[in-house]
>>> print(open('upload29.csv').read())   # CSV, C-alpha atoms
chain,number,residue,atom,x,y,z
P,11,MET,CA,129.1,121.4,123.6
P,12,SER,CA,131.8,120.7,126.0
P,13,ALA,CA,133.4,117.3,126.6
P,14,ALA,CA,133.1,117.9,130.3
P,15,ASN,CA,129.3,118.3,130.1
P,16,PRO,CA,127.6,115.1,131.0
P,17,ASP,CA,124.7,115.9,128.7
P,18,THR,CA,127.0,116.1,125.7
P,19,HIS,CA,125.4,113.0,124.1
P,20,ARG,CA,121.9,113.7,125.2
P,21,ALA,CA,120.8,115.5,122.0
P,22,PRO,CA,121.9,112.7,119.6
P,23,ALA,CA,120.3,110.1,121.8
P,24,ASP,CA,117.1,112.0,122.0
P,25,ARG,CA,117.1,112.7,118.3
P,26,THR,CA,117.5,109.0,117.7
P,27,THR,CA,114.6,108.2,120.0
P,28,LEU,CA,112.4,110.8,118.3
P,29,SER,CA,113.4,109.3,114.9
P,30,TRP,CA,112.3,105.8,116.1
P,31,GLN,CA,109.0,107.3,117.3
P,32,ARG,CA,108.4,109.0,114.0
P,33,THR,CA,109.2,105.8,112.1
P,34,VAL,CA,106.9,103.7,114.3
P,35,MET,CA,104.1,106.2,114.0
P,36,HIS,CA,104.5,106.3,110.3
P,37,SER,CA,104.2,102.5,110.1
P,38,VAL,CA,101.1,102.4,112.4
P,39,ILE,CA,99.3,105.3,110.7
P,40,PHE,CA,100.1,104.0,107.2
P,41,THR,CA,99.0,100.4,107.9
P,42,LEU,CA,95.8,101.7,109.5
P,43,ALA,CA,95.1,104.0,106.5
P,44,GLY,CA,95.8,101.0,104.3
P,45,ALA,CA,93.2,98.9,106.2
P,46,PHE,CA,90.6,101.7,105.9
P,47,ALA,CA,91.4,102.2,102.2
P,48,ALA,CA,91.0,98.5,101.5
P,49,ILE,CA,87.6,98.3,103.3
P,50,TYR,CA,86.5,101.5,101.5
P,51,LEU,CA,87.5,100.0,98.2
P,52,GLY,CA,85.5,96.8,98.9
P,53,GLU,CA,88.4,94.5,99.6
P,54,PRO,CA,87.7,93.2,103.1
P,55,ALA,CA,90.3,90.4,102.9
P,56,VAL,CA,93.1,92.9,102.2
P,57,GLY,CA,91.6,95.1,104.9
P,58,VAL,CA,91.8,92.4,107.5
P,59,LEU,CA,95.4,91.7,106.5
P,60,ALA,CA,96.2,95.4,106.8
P,61,ALA,CA,94.5,95.5,110.2
P,62,LEU,CA,96.5,92.6,111.4
P,63,LEU,CA,99.6,94.3,110.1
P,64,ALA,CA,98.6,97.5,111.9
P,65,ALA,CA,98.3,95.5,115.2
P,66,PHE,CA,101.8,94.0,114.6
P,67,ALA,CA,103.1,97.6,113.9
P,68,ILE,CA,101.6,98.8,117.2
P,69,THR,CA,103.2,95.9,119.0
P,70,VAL,CA,106.6,96.7,117.4
P,71,GLY,CA,106.1,100.4,118.4
P,72,ALA,CA,105.2,99.6,121.9
P,73,THR,CA,108.2,97.3,122.4
P,74,THR,CA,110.8,99.5,120.8
P,75,PRO,CA,112.9,100.8,123.7
P,76,ARG,CA,114.0,104.4,124.2
P,77,VAL,CA,117.6,105.1,123.3
P,78,LYS,CA,119.3,105.3,126.7
P,79,ARG,CA,122.5,107.3,127.1
P,80,SER,CA,123.7,104.7,129.6
P,81,ASP,CA,123.5,101.9,126.9
P,82,LEU,CA,125.1,103.8,124.1
P,83,ASP,CA,128.4,101.8,124.3
P,84,GLN,CA,126.5,98.6,123.7
P,85,ARG,CA,124.0,99.9,121.2
P,86,ASP,CA,122.6,97.1,119.0
P,87,PRO,CA,119.8,98.4,116.8
P,88,TRP,CA,119.9,95.7,114.1
P,89,ALA,CA,117.0,93.6,115.5
P,90,LEU,CA,114.8,96.6,116.0
P,91,MET,CA,115.5,97.8,112.4
P,92,LEU,CA,115.0,94.4,111.0
P,93,ARG,CA,111.5,94.1,112.5
P,94,THR,CA,110.6,97.6,111.4
P,95,ALA,CA,111.7,96.8,107.9
P,96,LEU,CA,109.6,93.6,108.1
P,97,VAL,CA,106.5,95.8,108.8
P,98,LEU,CA,107.5,97.9,105.8
P,99,ALA,CA,107.9,94.9,103.5
P,100,ALA,CA,104.6,93.4,104.6
P,101,SER,CA,102.9,96.8,104.1
P,102,GLY,CA,104.3,96.9,100.6
P,103,VAL,CA,103.0,93.4,99.9
P,104,VAL,CA,99.5,94.3,101.2
P,105,ALA,CA,99.6,97.5,99.1
P,106,VAL,CA,100.4,95.5,96.0
P,107,MET,CA,97.6,93.1,96.8
P,108,LEU,CA,95.2,96.0,97.1
P,109,VAL,CA,96.4,97.5,93.8
P,110,VAL,CA,96.0,94.1,92.0
P,111,ALA,CA,92.6,93.5,93.6
P,112,VAL,CA,91.4,97.0,92.4
P,113,ALA,CA,92.9,96.4,88.9
P,114,LEU,CA,91.1,93.1,88.6
P,115,GLU,CA,87.8,94.8,89.3
P,116,LEU,CA,88.3,97.5,86.6
F,22,MET,CA,134.7,107.1,127.1
F,23,TRP,CA,132.2,107.2,124.3
F,24,ALA,CA,134.6,106.0,121.7
F,25,ARG,CA,135.3,102.8,123.7
F,26,ARG,CA,137.7,100.5,122.1
F,27,TYR,CA,136.9,96.8,121.8
F,28,GLY,CA,139.9,95.9,119.5
F,29,VAL,CA,139.8,94.2,116.1
F,30,GLY,CA,137.5,91.2,115.8
F,31,VAL,CA,136.7,90.8,119.5
F,32,PRO,CA,135.1,87.3,119.7
F,33,ASP,CA,132.9,87.9,122.8
F,34,ASP,CA,130.9,90.7,121.2
F,35,GLN,CA,127.6,89.0,120.9
F,36,ARG,CA,125.8,91.9,119.1
F,37,ARG,CA,124.2,91.3,115.7
F,38,ALA,CA,124.8,91.6,112.9
F,39,ARG,CA,128.0,89.7,113.4
F,40,SER,CA,129.3,90.8,110.0
F,41,VAL,CA,129.2,94.4,111.4
F,42,TYR,CA,130.4,94.0,115.0
F,43,SER,CA,133.2,91.5,114.2
F,44,VAL,CA,135.3,94.0,112.4
F,45,GLY,CA,137.1,97.2,113.4
F,46,ASP,CA,136.9,99.4,116.4
F,47,GLU,CA,133.9,100.8,118.2
F,48,PRO,CA,133.1,104.1,116.4
F,49,GLU,CA,132.3,107.5,117.8
F,50,VAL,CA,128.8,107.0,119.2
F,51,GLN,CA,127.4,110.1,117.6
F,52,ALA,CA,128.4,108.8,114.1
F,53,SER,CA,126.8,105.5,114.9
F,54,LEU,CA,123.6,107.1,116.0
F,55,ALA,CA,123.6,109.3,112.9
F,56,ASN,CA,123.9,106.2,110.8
F,57,GLU,CA,120.9,104.7,112.6
F,58,ARG,CA,118.8,107.8,112.1
F,59,THR,CA,119.7,107.8,108.4
F,60,ALA,CA,118.5,104.2,108.1
F,61,LEU,CA,115.3,105.1,109.8
F,62,SER,CA,114.8,108.0,107.4
F,63,TRP,CA,115.2,105.6,104.5
F,64,ILE,CA,112.6,103.3,106.1
F,65,ARG,CA,110.2,106.2,106.4
F,66,THR,CA,110.8,107.2,102.8
F,67,GLY,CA,109.9,103.6,101.8
F,68,MET,CA,106.7,103.8,103.9
F,69,THR,CA,105.8,107.1,102.2
F,70,LEU,CA,106.2,105.5,98.8
F,71,ILE,CA,103.9,102.6,99.9
F,72,ALA,CA,101.4,105.1,101.2
F,73,GLY,CA,101.5,107.0,97.9
F,74,GLY,CA,100.7,103.7,96.1
F,75,VAL,CA,97.7,103.0,98.4
F,76,ALA,CA,96.5,106.6,97.8
F,77,LEU,CA,96.7,106.2,94.1
F,78,ALA,CA,94.8,102.9,94.3
F,79,THR,CA,92.1,104.7,96.3
F,80,LEU,CA,91.7,107.1,93.3
F,81,SER,CA,89.9,104.3,91.5
F,82,THR,CA,86.7,105.1,93.5
F,83,PHE,CA,86.5,108.5,91.8
F,84,GLY,CA,85.6,106.9,88.5
F,85,GLU,CA,87.5,105.6,85.5
F,86,VAL,CA,91.2,105.4,86.4
F,87,PRO,CA,93.7,104.8,83.6
F,88,LEU,CA,95.5,101.5,84.2
F,89,VAL,CA,98.8,103.4,84.1
F,90,ILE,CA,97.9,105.0,87.5
F,91,LEU,CA,97.4,101.6,89.0
F,92,ALA,CA,100.7,100.4,87.5
F,93,ILE,CA,102.4,103.4,89.1
F,94,ALA,CA,100.7,102.6,92.4
F,95,GLY,CA,102.1,99.0,92.3
F,96,LEU,CA,105.5,100.2,91.3
F,97,ALA,CA,105.6,102.8,94.1
F,98,SER,CA,104.6,100.1,96.6
F,99,LEU,CA,107.3,97.7,95.4
F,100,GLY,CA,109.8,100.6,95.3
F,101,GLY,CA,109.0,101.4,98.9
F,102,VAL,CA,109.8,97.8,99.9
F,103,ALA,CA,113.1,98.1,97.9
F,104,VAL,CA,114.0,101.3,99.7
F,105,GLY,CA,113.3,99.7,103.1
F,106,MET,CA,115.6,96.8,102.2
F,107,TRP,CA,118.2,99.2,101.0
F,108,ALA,CA,118.0,101.0,104.4
F,109,LEU,CA,119.2,97.8,106.1
F,110,ILE,CA,122.0,97.2,103.5
F,111,SER,CA,123.1,100.8,103.7
F,112,TRP,CA,123.2,100.8,107.5
F,113,ARG,CA,125.4,97.7,107.5
F,114,ARG,CA,127.8,99.1,104.9
F,115,THR,CA,128.1,102.4,106.7
F,116,GLU,CA,128.5,100.9,110.2
F,117,ARG,CA,131.3,98.6,108.9
F,118,ALA,CA,133.0,101.6,107.2
F,119,LEU,CA,132.7,103.6,110.5
F,120,ARG,CA,134.2,100.7,112.5
F,121,ARG,CA,137.1,100.3,110.0
F,122,GLY,CA,137.7,104.0,109.7
F,123,GLN,CA,137.1,103.9,106.0
F,124,PRO,CA,135.4,106.5,103.8
F,125,LEU,CA,131.6,106.2,104.0
F,126,PRO,CA,130.0,104.5,101.0
F,127,PRO,CA,127.9,106.7,98.8
F,128,PRO,CA,124.1,106.6,98.9
F,129,SER,CA,124.0,104.8,95.5
F,130,VAL,CA,120.2,104.4,95.5
F,131,LEU,CA,119.5,108.1,96.0
F,132,PRO,CA,119.9,109.1,92.3
F,133,TRP,CA,117.5,106.3,91.3
F,134,LEU,CA,115.0,107.3,93.9
F,135,VAL,CA,115.1,110.9,92.8
F,136,ALA,CA,114.8,109.9,89.1
F,137,GLY,CA,111.9,107.6,89.9
F,138,VAL,CA,110.0,110.3,91.8
F,139,VAL,CA,110.6,112.9,89.0
F,140,VAL,CA,109.4,110.5,86.3
F,141,VAL,CA,106.3,109.4,88.3
F,142,GLY,CA,105.6,113.1,89.1
F,143,LEU,CA,105.8,114.1,85.4
F,144,LEU,CA,103.7,111.1,84.4
F,145,LEU,CA,101.0,111.8,86.9
F,146,ALA,CA,101.0,115.5,85.8
F,147,GLY,CA,100.7,114.4,82.2
F,148,VAL,CA,97.8,112.0,82.9
F,149,THR,CA,96.0,114.7,85.0
F,150,ALA,CA,96.5,117.3,82.3
F,151,PHE,CA,95.2,114.9,79.6
F,152,GLN,CA,92.1,114.1,81.6
F,153,ALA,CA,91.5,117.8,82.4
F,154,ILE,CA,91.7,118.5,78.6
F,155,GLU,CA,89.3,115.6,77.9
F,156,LEU,CA,86.8,117.1,80.5
F,157,THR,CA,86.8,120.5,78.9
F,158,ARG,CA,86.0,119.2,75.4
>>> encode(input="upload29.csv", output="structure tokens")
Amino acid sequence: MSAANPDTHRAPADRTTLSWQRTVMHSVIFTLAGAFAAIYLGEPAVGVLAALLAAFAITVGATTPRVKRSDLDQRDPWALMLRTALVLAASGVVAVMLVVAVALEL
Amino acid sequence: MWARRYGVGVPDDQRRARSVYSVGDEPEVQASLANERTALSWIRTGMTLIAGGVALATLSTFGEVPLVILAIAGLASLGGVAVGMWALISWRRTERALRRGQPLPPPSVLPWLVAGVVVVGLLLAGVTAFQAIELTR
């Protein structure tokens, strides 16, 4: 890569965009899978919670902007990471609720 | 230029987290983006742990599941949440170090994560082998 090349920073920016897309897809797919698993396991309340969480994850994904090369100087990913981590934490809580509900029925 | 300098403790930088952007100089943008991608990788690792927990809980539909499997499922889910929180902490620490030009902090959670995955893997293998032996009797 040459410093004179205007596309020098394109690859890192694109990699970061793809990384965000992967993360968001993970959260959407896993929360949806959790919702289906909960319903399959006969825990509709947990399933509804997981479905609501999946809807929130989809919203987070849809509103996560692409990493733009023009904005790299002022990049501020903290809020985006915080809400993604919030989806993760809520998914963990829902998963624990599912495990406890299953354990209580054994 | 990419490594644009804002100076130390520039008060008009409104970006959050303040504890990160109030110190040091603007780092090389590629290093900052790499730090962001690493944090996202940690978050995905946490999500995978949670998905593993849900998958283990789903095993209960296949018949009698030892309680230890459900205990592992719960611990994996909680571990996933912990890894996600660690991602945020690690991003902040690394970004601050980048801005101050200091050595990057080590990924101190990594050995624990690896040890946990190995222990859970061995435990699951043991339970599976035990149940397979029980079935053949």
>>> residues_around(input="upload29.csv", residues="Ile68 (chain P)", least_positions_apart="5", cutoff="12 Å", atoms="all atoms listed in the file", output="PyMOL selection string")
chain P and resi 31+33-42+61-63+73-74+93-94+97
>>> closest_residue(input="upload29.csv", among="F:Leu119, F:Ala146, F:Ala72, F:Val138", to="chain P", atoms="all atoms listed in the file")
F:Ala72
>>> atom_distance(input="upload29.csv", atom1="CA of Met68 (chain F)", atom2="CA of Ala99 (chain P)")
9.0 Å
>>> atom_distance(input="upload29.csv", atom1="CA of Ala60 (chain P)", atom2="CA of Ser101 (chain P)")
7.4 Å
>>> closest_residue(input="upload29.csv", among="P:Ala48, P:Leu90, P:Leu114, P:Ala43", to="Val77 (chain P)", atoms="only C-alpha atoms")
P:Leu90
>>> closest_residue(input="upload29.csv", among="F:Ala153, F:Met106, F:Ile93, F:Ala118", to="Ala113 (chain P)", atoms="all atoms listed in the file")
F:Ile93
>>> closest_residue(input="upload29.csv", among="P:Ala55, P:Lys78, P:Asp86, P:Ala45", to="chain F", atoms="all atoms listed in the file")
P:Asp86
>>> atom_distance(input="upload29.csv", atom1="CA of Phe83 (chain F)", atom2="CA of Gly102 (chain P)")
23.0 Å
>>> interface_residues(input="upload29.csv", of="chain P", to="chain F", cutoff="8 Å", atoms="all atoms listed in the file", output="PDB file with C-alpha atoms, in the frame of the given file")
ATOM      1  CA  HIS P  19     125.400 113.000 124.100  1.00  0.00           C
ATOM      2  CA  PRO P  22     121.900 112.700 119.600  1.00  0.00           C
ATOM      3  CA  ALA P  23     120.300 110.100 121.800  1.00  0.00           C
ATOM      4  CA  THR P  26     117.500 109.000 117.700  1.00  0.00           C
ATOM      5  CA  SER P  29     113.400 109.300 114.900  1.00  0.00           C
ATOM      6  CA  TRP P  30     112.300 105.800 116.100  1.00  0.00           C
ATOM      7  CA  THR P  33     109.200 105.800 112.100  1.00  0.00           C
ATOM      8  CA  HIS P  36     104.500 106.300 110.300  1.00  0.00           C
ATOM      9  CA  SER P  37     104.200 102.500 110.100  1.00  0.00           C
ATOM     10  CA  PHE P  40     100.100 104.000 107.200  1.00  0.00           C
ATOM     11  CA  GLY P  44      95.800 101.000 104.300  1.00  0.00           C
ATOM     12  CA  ALA P  47      91.400 102.200 102.200  1.00  0.00           C
ATOM     13  CA  LEU P  51      87.500 100.000  98.200  1.00  0.00           C
ATOM     14  CA  LEU P  82     125.100 103.800 124.100  1.00  0.00           C
ATOM     15  CA  ASP P  83     128.400 101.800 124.300  1.00  0.00           C
ATOM     16  CA  ASP P  86     122.600  97.100 119.000  1.00  0.00           C
ATOM     17  CA  PRO P  87     119.800  98.400 116.800  1.00  0.00           C
ATOM     18  CA  TRP P  88     119.900  95.700 114.100  1.00  0.00           C
ATOM     19  CA  ALA P  89     117.000  93.600 115.500  1.00  0.00           C
ATOM     20  CA  MET P  91     115.500  97.800 112.400  1.00  0.00           C
ATOM     21  CA  LEU P  92     115.000  94.400 111.000  1.00  0.00           C
ATOM     22  CA  ALA P  95     111.700  96.800 107.900  1.00  0.00           C
ATOM     23  CA  LEU P  98     107.500  97.900 105.800  1.00  0.00           C
ATOM     24  CA  ALA P  99     107.900  94.900 103.500  1.00  0.00           C
ATOM     25  CA  SER P 101     102.900  96.800 104.100  1.00  0.00           C
ATOM     26  CA  GLY P 102     104.300  96.900 100.600  1.00  0.00           C
ATOM     27  CA  VAL P 103     103.000  93.400  99.900  1.00  0.00           C
ATOM     28  CA  ALA P 105      99.600  97.500  99.100  1.00  0.00           C
ATOM     29  CA  VAL P 106     100.400  95.500  96.000  1.00  0.00           C
ATOM     30  CA  LEU P 108      95.200  96.000  97.100  1.00  0.00           C
ATOM     31  CA  VAL P 109      96.400  97.500  93.800  1.00  0.00           C
ATOM     32  CA  VAL P 110      96.000  94.100  92.000  1.00  0.00           C
ATOM     33  CA  VAL P 112      91.400  97.000  92.400  1.00  0.00           C
ATOM     34  CA  ALA P 113      92.900  96.400  88.900  1.00  0.00           C
TER      35      ALA P 113
END
>>> closest_residue(input="upload29.csv", among="P:Gly71, P:Arg79, P:Leu116, P:Ala64", to="Ala21 (chain P)", atoms="all atoms listed in the file")
P:Arg79
>>> closest_residue(input="upload29.csv", among="P:Pro75, P:Val58, P:Phe46, P:Phe66", to="Leu96 (chain P)", atoms="only C-alpha atoms")
P:Phe66
